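J.: One file: upload.cif (mmCIF, C-alpha atoms and all ligand atoms).
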data_coords
#
loop_
_atom_site.label_atom_id
_atom_site.label_comp_id
_atom_site.auth_asym_id
_atom_site.auth_seq_id
_atom_site.Cartn_x
_atom_site.Cartn_y
_atom_site.Cartn_z
CA MET A 1 -7.37 -29.15 -12.37
CA PRO A 2 -5.16 -29.42 -9.27
CA ILE A 3 -6.16 -27.80 -6.03
CA GLU A 4 -3.81 -25.03 -4.91
CA HIS A 5 -3.21 -24.05 -1.30
CA SER A 6 -1.90 -20.82 0.09
CA GLU A 7 -1.99 -18.39 2.92
CA ALA A 8 -3.92 -15.26 1.94
CA ILE A 9 -5.44 -11.98 3.04
CA VAL A 10 -8.94 -11.09 1.90
CA ILE A 11 -8.68 -7.72 0.15
CA ARG A 12 -12.15 -7.47 -1.34
CA THR A 13 -15.44 -9.21 -0.87
CA ILE A 14 -18.64 -8.81 -2.87
CA ASP A 15 -21.94 -10.54 -2.26
CA PHE A 16 -22.84 -12.72 -5.18
CA SER A 17 -26.26 -14.33 -5.26
CA GLU A 18 -28.09 -15.32 -2.08
CA THR A 19 -25.44 -17.74 -1.02
CA SER A 20 -22.07 -16.94 -2.56
CA LEU A 21 -19.26 -14.42 -2.38
CA VAL A 22 -16.84 -13.18 -4.97
CA LEU A 23 -13.49 -12.52 -3.37
CA THR A 24 -10.20 -10.97 -4.19
CA LEU A 25 -7.39 -12.51 -2.21
CA PHE A 26 -3.79 -11.53 -1.90
CA THR A 27 -2.16 -14.94 -1.58
CA ARG A 28 1.42 -15.39 -0.49
CA GLU A 29 2.12 -18.09 -3.07
CA PHE A 30 0.18 -16.90 -6.11
CA GLY A 31 -0.29 -13.16 -5.72
CA LYS A 32 -3.73 -11.76 -6.42
CA VAL A 33 -6.41 -14.37 -6.94
CA ARG A 34 -10.06 -13.71 -7.71
CA GLY A 35 -12.46 -16.45 -6.92
CA ILE A 36 -15.96 -17.43 -6.06
CA ALA A 37 -16.84 -19.03 -2.74
CA LYS A 38 -20.05 -20.91 -3.32
CA GLY A 39 -22.22 -21.25 -0.27
CA ALA A 40 -20.04 -18.90 1.78
CA ARG A 41 -23.07 -16.86 2.85
CA GLN A 42 -24.88 -19.88 4.18
CA LEU A 43 -24.76 -20.69 7.86
CA LYS A 44 -22.98 -23.97 7.33
CA ASN A 45 -20.11 -23.57 4.91
CA SER A 46 -16.61 -24.77 4.13
CA PHE A 47 -15.04 -21.42 4.79
CA ASP A 48 -14.90 -21.24 8.57
CA SER A 49 -16.82 -17.92 8.39
CA ALA A 50 -13.40 -16.47 7.65
CA LEU A 51 -14.06 -14.57 4.45
CA ASP A 52 -14.34 -11.03 5.79
CA LEU A 53 -12.30 -8.12 4.53
CA LEU A 54 -8.74 -8.25 5.87
CA THR A 55 -8.91 -11.66 7.51
CA ARG A 56 -5.83 -13.81 7.19
CA ILE A 57 -6.72 -17.27 5.98
CA SER A 58 -5.39 -20.50 4.70
CA VAL A 59 -7.22 -21.18 1.46
CA SER A 60 -7.65 -23.92 -1.12
CA PHE A 61 -8.84 -23.18 -4.63
CA ILE A 62 -9.09 -24.57 -8.11
CA ARG A 63 -7.57 -22.45 -10.85
CA LYS A 64 -9.67 -21.68 -13.84
CA ASN A 65 -8.38 -20.75 -17.21
CA SER A 66 -8.26 -17.26 -18.67
CA ASP A 67 -10.72 -14.73 -17.29
CA ALA A 68 -12.94 -17.10 -15.34
CA LEU A 69 -13.00 -16.75 -11.57
CA ASP A 70 -11.12 -19.38 -9.62
CA LEU A 71 -13.20 -21.67 -7.45
CA LEU A 72 -12.53 -21.46 -3.73
CA THR A 73 -13.11 -24.82 -2.12
CA GLU A 74 -12.09 -24.29 1.50
CA ALA A 75 -10.77 -21.70 3.90
CA LYS A 76 -9.53 -21.74 7.47
CA LEU A 77 -9.14 -18.67 9.60
CA ILE A 78 -5.57 -17.89 10.64
CA SER A 79 -6.36 -14.60 12.34
CA ARG A 80 -8.52 -11.55 12.22
CA PHE A 81 -6.69 -8.27 12.43
CA GLN A 82 -8.40 -6.34 15.22
CA LEU A 83 -8.10 -3.07 13.37
CA GLY A 84 -10.94 -1.24 15.06
CA THR A 85 -9.95 -1.92 18.63
CA SER A 86 -7.35 0.80 18.95
CA GLY A 87 -9.38 3.37 17.06
CA ILE A 88 -10.93 4.32 13.76
CA PRO A 89 -7.69 5.54 12.08
CA GLY A 90 -6.19 2.05 12.11
CA LEU A 91 -9.37 0.55 10.69
CA TYR A 92 -9.63 2.98 7.78
CA ALA A 93 -5.93 2.72 7.09
CA GLY A 94 -6.50 -1.03 6.75
CA TYR A 95 -9.26 -0.44 4.19
CA TYR A 96 -6.94 1.82 2.25
CA LEU A 97 -4.21 -0.81 2.20
CA ALA A 98 -6.69 -3.39 0.93
CA GLU A 99 -7.84 -1.07 -1.85
CA LEU A 100 -4.29 -0.22 -2.86
CA LEU A 101 -3.45 -3.90 -3.20
CA GLN A 102 -6.65 -4.59 -5.04
CA MET A 103 -5.95 -1.78 -7.52
CA THR A 104 -2.28 -2.36 -8.17
CA LEU A 105 -1.56 -6.08 -8.06
CA GLU A 106 -1.56 -8.19 -11.18
CA ASP A 107 -3.47 -11.46 -11.09
CA GLY A 108 -1.30 -14.45 -10.35
CA GLU A 109 1.99 -12.67 -9.72
CA ALA A 110 3.52 -13.87 -6.46
CA MET A 111 5.02 -11.14 -4.27
CA PRO A 112 5.95 -12.79 -0.97
CA GLU A 113 7.98 -9.81 0.25
CA LEU A 114 4.98 -7.56 -0.23
CA TYR A 115 2.74 -10.12 1.41
CA ASP A 116 4.93 -10.14 4.50
CA LEU A 117 5.05 -6.35 4.55
CA THR A 118 1.24 -6.31 4.40
CA VAL A 119 0.93 -8.65 7.37
CA GLU A 120 3.49 -6.64 9.31
CA THR A 121 1.74 -3.36 8.52
CA LEU A 122 -1.68 -4.72 9.49
CA HIS A 123 -0.22 -5.81 12.83
CA ARG A 124 1.10 -2.32 13.38
CA LEU A 125 -2.28 -0.82 12.51
CA GLU A 126 -3.91 -3.25 14.91
CA GLU A 127 -1.79 -1.83 17.69
CA GLY A 128 -2.84 1.65 16.63
CA GLN A 129 0.80 2.68 16.58
CA ASN A 130 2.25 4.86 13.87
CA VAL A 131 -0.86 4.78 11.71
CA GLU A 132 0.24 7.89 9.84
CA GLU A 133 3.66 6.48 9.14
CA SER A 134 2.12 3.28 7.77
CA LEU A 135 -0.18 5.30 5.50
CA TYR A 136 2.88 6.75 3.74
CA ARG A 137 5.39 3.98 4.11
CA PHE A 138 3.24 1.15 2.81
CA PRO A 139 2.31 2.77 -0.55
CA TRP A 140 5.89 3.89 -1.02
CA ILE A 141 7.32 0.41 -0.60
CA LEU A 142 4.43 -1.06 -2.58
CA MET A 143 5.38 1.15 -5.52
CA ARG A 144 9.01 0.15 -5.24
CA LEU A 145 8.12 -3.56 -5.24
CA LEU A 146 5.93 -2.97 -8.29
CA GLY A 147 8.95 -1.52 -10.07
CA GLU A 148 7.97 2.13 -9.76
CA ARG A 149 10.94 3.15 -7.74
CA LEU A 150 11.83 6.83 -7.58
CA SER A 151 15.43 7.87 -7.18
CA THR A 152 15.55 9.86 -3.98
CA ASP A 153 19.22 9.89 -3.12
CA ARG A 154 20.64 11.03 -6.45
CA CYS A 155 19.65 13.54 -9.07
CA VAL A 156 18.02 11.73 -12.00
CA ALA A 157 19.69 14.05 -14.49
CA CYS A 158 23.33 14.31 -13.38
CA GLY A 159 23.58 11.45 -10.89
CA ARG A 160 24.97 13.65 -8.14
CA LYS A 161 24.09 12.70 -4.58
CA ILE A 162 21.64 15.14 -3.09
CA ASP A 163 22.65 16.58 0.26
CA TYR A 164 19.31 17.20 1.92
CA GLY A 165 20.92 18.77 4.97
CA LYS A 166 22.63 21.34 2.78
CA GLU A 167 19.52 22.03 0.71
CA SER A 168 17.58 22.60 3.89
CA HIS A 169 20.31 24.85 5.29
CA LEU A 170 20.22 26.91 2.09
CA GLY A 171 16.44 27.14 2.38
CA ARG A 172 16.01 25.44 -0.99
CA ARG A 173 13.40 22.97 -2.06
CA VAL A 174 14.25 19.84 -4.01
CA GLY A 175 12.84 19.09 -7.43
CA LEU A 176 10.92 15.88 -7.96
CA SER A 177 9.81 14.58 -11.31
CA LEU A 178 7.65 11.48 -11.66
CA LEU A 179 8.17 11.42 -15.39
CA ASP A 180 11.93 11.43 -15.02
CA GLY A 181 11.88 9.07 -12.09
CA GLY A 182 13.02 11.01 -9.06
CA ALA A 183 14.82 13.92 -7.46
CA VAL A 184 16.34 16.76 -9.46
CA CYS A 185 19.19 18.83 -8.02
CA ALA A 186 19.09 22.62 -7.92
CA GLU A 187 21.75 22.93 -10.62
CA CYS A 188 19.91 20.70 -13.11
CA ARG A 189 16.67 22.44 -12.30
CA ARG A 190 18.24 25.70 -13.39
CA THR A 191 19.90 24.38 -16.53
CA ARG A 192 17.52 21.79 -17.94
CA GLY A 193 13.83 21.67 -18.61
CA PHE A 194 11.63 19.28 -16.66
CA ARG A 195 7.98 18.68 -17.19
CA GLN A 196 5.72 18.42 -14.17
CA LEU A 197 8.37 19.17 -11.63
CA ALA A 198 7.23 19.42 -8.03
CA LEU A 199 9.27 21.31 -5.47
CA VAL A 200 9.44 19.43 -2.22
CA ASP A 201 10.69 20.24 1.27
CA PRO A 202 14.12 18.58 1.71
CA HIS A 203 13.04 17.08 5.05
CA ALA A 204 10.16 15.28 3.34
CA MET A 205 12.46 13.95 0.62
CA GLU A 206 15.01 12.85 3.16
CA TRP A 207 12.41 10.89 5.08
CA LEU A 208 11.17 9.16 1.93
CA ASN A 209 14.76 8.43 0.97
CA ARG A 210 15.30 6.53 4.20
CA LEU A 211 12.21 4.30 3.94
CA ASP A 212 14.16 1.36 2.57
CA GLU A 213 16.20 1.13 5.74
CA THR A 214 15.54 -1.90 7.91
CA THR A 215 14.48 0.33 10.77
CA PRO A 216 12.51 3.11 9.10
CA PRO A 217 12.93 6.59 10.55
CA SER A 218 10.09 8.03 12.59
CA LEU A 219 7.96 10.69 10.94
CA PRO A 220 9.21 14.26 11.22
CA ASP A 221 7.39 16.33 13.83
CA GLN A 222 6.62 19.29 11.59
CA LYS A 223 3.09 19.13 10.26
CA ASN A 224 3.95 20.86 6.99
CA VAL A 225 6.68 18.29 6.27
CA ARG A 226 4.23 15.46 6.91
CA ARG A 227 1.78 17.10 4.50
CA GLU A 228 4.44 17.10 1.82
CA ILE A 229 5.27 13.45 2.43
CA ARG A 230 1.56 12.77 2.04
CA GLY A 231 1.42 14.80 -1.14
CA VAL A 232 4.34 13.01 -2.78
CA THR A 233 3.01 9.59 -1.80
CA ASP A 234 -0.45 10.38 -3.16
CA TRP A 235 1.02 11.72 -6.36
CA MET A 236 2.86 8.44 -6.95
CA VAL A 237 -0.14 6.31 -6.09
CA ASP A 238 -2.50 8.27 -8.32
CA ALA A 239 -0.09 8.10 -11.23
CA LYS A 240 0.17 4.33 -10.84
CA CYS A 241 -3.54 3.68 -10.25
CA GLY A 242 -4.90 6.16 -12.77
CA ARG A 243 -7.43 7.34 -10.20
CA ILE A 244 -7.69 8.29 -6.55
CA PRO A 245 -8.37 5.32 -4.30
CA LYS A 246 -11.84 5.73 -2.76
CA THR A 247 -10.87 4.86 0.78
CA ARG A 248 -7.93 7.23 1.06
CA ASN A 249 -9.74 10.39 2.07
CA GLN A 250 -11.62 8.52 4.78
CA ALA A 251 -8.34 7.18 6.07
CA TYR A 252 -6.83 10.67 6.18
CA GLU A 253 -9.91 12.22 7.75
CA ALA A 254 -9.99 9.58 10.46
CA LEU A 255 -6.33 10.24 11.14
CA ASP A 256 -6.58 14.02 11.13
CA ASP A 257 -9.66 14.00 13.38
CA ALA A 258 -8.15 11.63 15.93
CA PRO A 259 -6.79 13.16 19.13
CA GLN A 260 -3.05 13.59 18.80
CA THR A 261 -1.05 11.36 21.08
ZN ZN B 1 21.48 17.20 -11.17
#
In structure tokens, write the structure found in this file.
Ligand SMILES: [Zn+2]
T.:
Amino acid sequence: MPIEHSEAIVIRTIDFSETSLVLTLFTREFGKVRGIAKGARQLKNSFDSALDLLTRISVSFIRKNSDALDLLTEAKLISRFQLGTSGIPGLYAGYYLAELLQMTLEDGEAMPELYDLTVETLHRLEEGQNVEESLYRFPWILMRLLGERLSTDRCVACGRKIDYGKESHLGRRVGLSLLDGGAVCAECRRTRGFRQLALVDPHAMEWLNRLDETTPPSLPDQKNVRREIRGVTDWMVDAKCGRIPKTRNQAYEALDDAPQT
């Protein structure tokens, strides 16, 4: 079996026996890889003491067939994200990102764009800047890259462009259906039946709609709008994952308890 090499981020680590670790890595070249690092818990090891959650490493491993764990042979530390230094919210947000990746990625499916987004987001969390924005933006783009894109600019039923400014001016909320794949205009809401339709503040929808832009918009100031962005994001994530990620509430609590800057 050939030895593979890749850059990777550690997204899960479990103690295995006295001396070894079982790891889930998000590699840039091969997507999610699960492997065993024998001897990693011993003082002298081939892993540069780099196998902690959310470290960025350069790793070598031997692929195993079918369901067997890959065998990690070597790792070198590239960097540790200093997530705790600027406060608890950044740290817990990092844990949430790791869990999201761990839950949603398929083994062995390379997603370099997502990998780069992950590195970029972890850097932002490290700086403690825009933690809340990252908590919504990252899952949203993750879902899109996994093929779960919601239509937010056009009505999924009639294809008409939704004018969020006008909807807001009229004091109307915008329909959103996960089953149908996106926004539903007021007209279609009246005339057609939709199952599990949520009604969302137009400002929240507008913000989500702009997330694909190269320079993402800053979060709206209004707390209620942010809550709705959170609600829509969570709804999508839960539908994809089939359960609520364990670390999410902690991440939100840390954020909500932090002094507002
Ligand atoms: Zn419509």
J.: Suppose you want the space between atom CA of Arg190 of chain A and atom CA of Tyr164 of chain A; what is it in Å?
T.: 17.5 Å
J.: Would you mind reading off the distance between atom CA of Asp52 of chain A and atom CA of Ala239 of chain A, one decimal, in Å?
T.: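 If I compute the distance from atom CA of Asp52 of chain A to atom CA of Ala239 of chain A, I get 29.3 Å.
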J.: Counting all atoms listed in the file, name the residues that have an atom within 9 Å of an atom of ligand ZN 1 (chain B); the answer should be given as number ranges by chain.
T.: A: 154-162, 183-189
J.: For the residues selected in the previous step, produce a file with C-alpha atoms as a compact mmCIF listing (two decimals), keeping the file's coordinate frame.
T.:
# COMPACT_ATOMS: atom_id res chain seq x y z
CA ARG A 154 20.64 11.03 -6.45
CA CYS A 155 19.65 13.54 -9.07
CA VAL A 156 18.02 11.73 -12.00
CA ALA A 157 19.69 14.05 -14.49
CA CYS A 158 23.33 14.31 -13.38
CA GLY A 159 23.58 11.45 -10.89
CA ARG A 160 24.97 13.65 -8.14
CA LYS A 161 24.09 12.70 -4.58
CA ILE A 162 21.64 15.14 -3.09
CA ALA A 183 14.82 13.92 -7.46
CA VAL A 184 16.34 16.76 -9.46
CA CYS A 185 19.19 18.83 -8.02
CA ALA A 186 19.09 22.62 -7.92
CA GLU A 187 21.75 22.93 -10.62
CA CYS A 188 19.91 20.70 -13.11
CA ARG A 189 16.67 22.44 -12.30
J.: For a test of reading the model, state the distance in Å between atom CA of Ser218 of chain A and atom CA of Leu255 of chain A, rounded to one decimal.
T.: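 Atom CA of Leu255 of chain A lies at a distance of 16.6 Å from atom CA of Ser218 of chain A.
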J.: Check which residues of segment 211-243 of chain A sit at most 10 Å from segment 129-132 of chain A using only C-alpha atoms, and return one row each with the closest pair of atoms and their distance in Å to one decimal, ordered by chain and rising number, as CSV.
T.:
residue,atom,partner,partner_atom,distance
A:Ser218,CA,A:Asn130,CA,8.6
A:Leu219,CA,A:Glu132,CA,8.3
A:Arg226,CA,A:Glu132,CA,9.0
A:Arg230,CA,A:Glu132,CA,9.3
J.: Just the residues within 8 Å of Val10 of chain A, please, counting all atoms listed in the file, with nothing from its chain fewer than 5 positions along; format it as a ChimeraX atom specification.
T.: /A:23-26,51-57
J.: My list of candidates is A:Glu113, A:Asp70, A:Asp107, A:Glu253. Which is closest to Val22 of chain A when distances are computed with only C-alpha atoms?
T.: A:Asp70
J.: Name the residues in contact with Leu142 of chain A at a cut-off of 10 Å, using all atoms listed in the file, excluding same-chain residues fewer than 5 positions from it; report them as a list in words.
T.: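 Residues meeting the cut-off are Leu97, Leu100, Leu101, Thr104, Leu105, Glu113, Leu114, Leu117, Thr118, Arg137, Gly147, Glu148, Arg149 and Val237 of chain A.
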J.: Within 10 Å of Glu18 of chain A, counting all atoms listed in the file, which residues qualify if same-chain residues fewer than 3 places away don't, as a PyMOL selection string?
T.: chain A and resi 15+21+38-42
J.: For Arg28 of chain A, please output as number ranges by chain all residues within 6 Å (counting only C-alpha atoms; exclusion window: fewer than 4 positions along the same chain).
T.: A: 7-8, 112, 115
J.: So, counting only C-alpha atoms, which residue among A:Ile36, A:Asp212, A:Ser151, A:Gly165 is closest to Gly182 of chain A?
T.: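 Result for the nearest residue to Gly182 of chain A: A:Ser151.
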J.: Would you please work out which residue, of A:Leu211, A:Leu145, A:Leu179, A:Leu170, is nearest to Ala198 of chain A when using all atoms listed in the file?
T.: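 Result for the nearest residue to Ala198 of chain A: A:Leu179.
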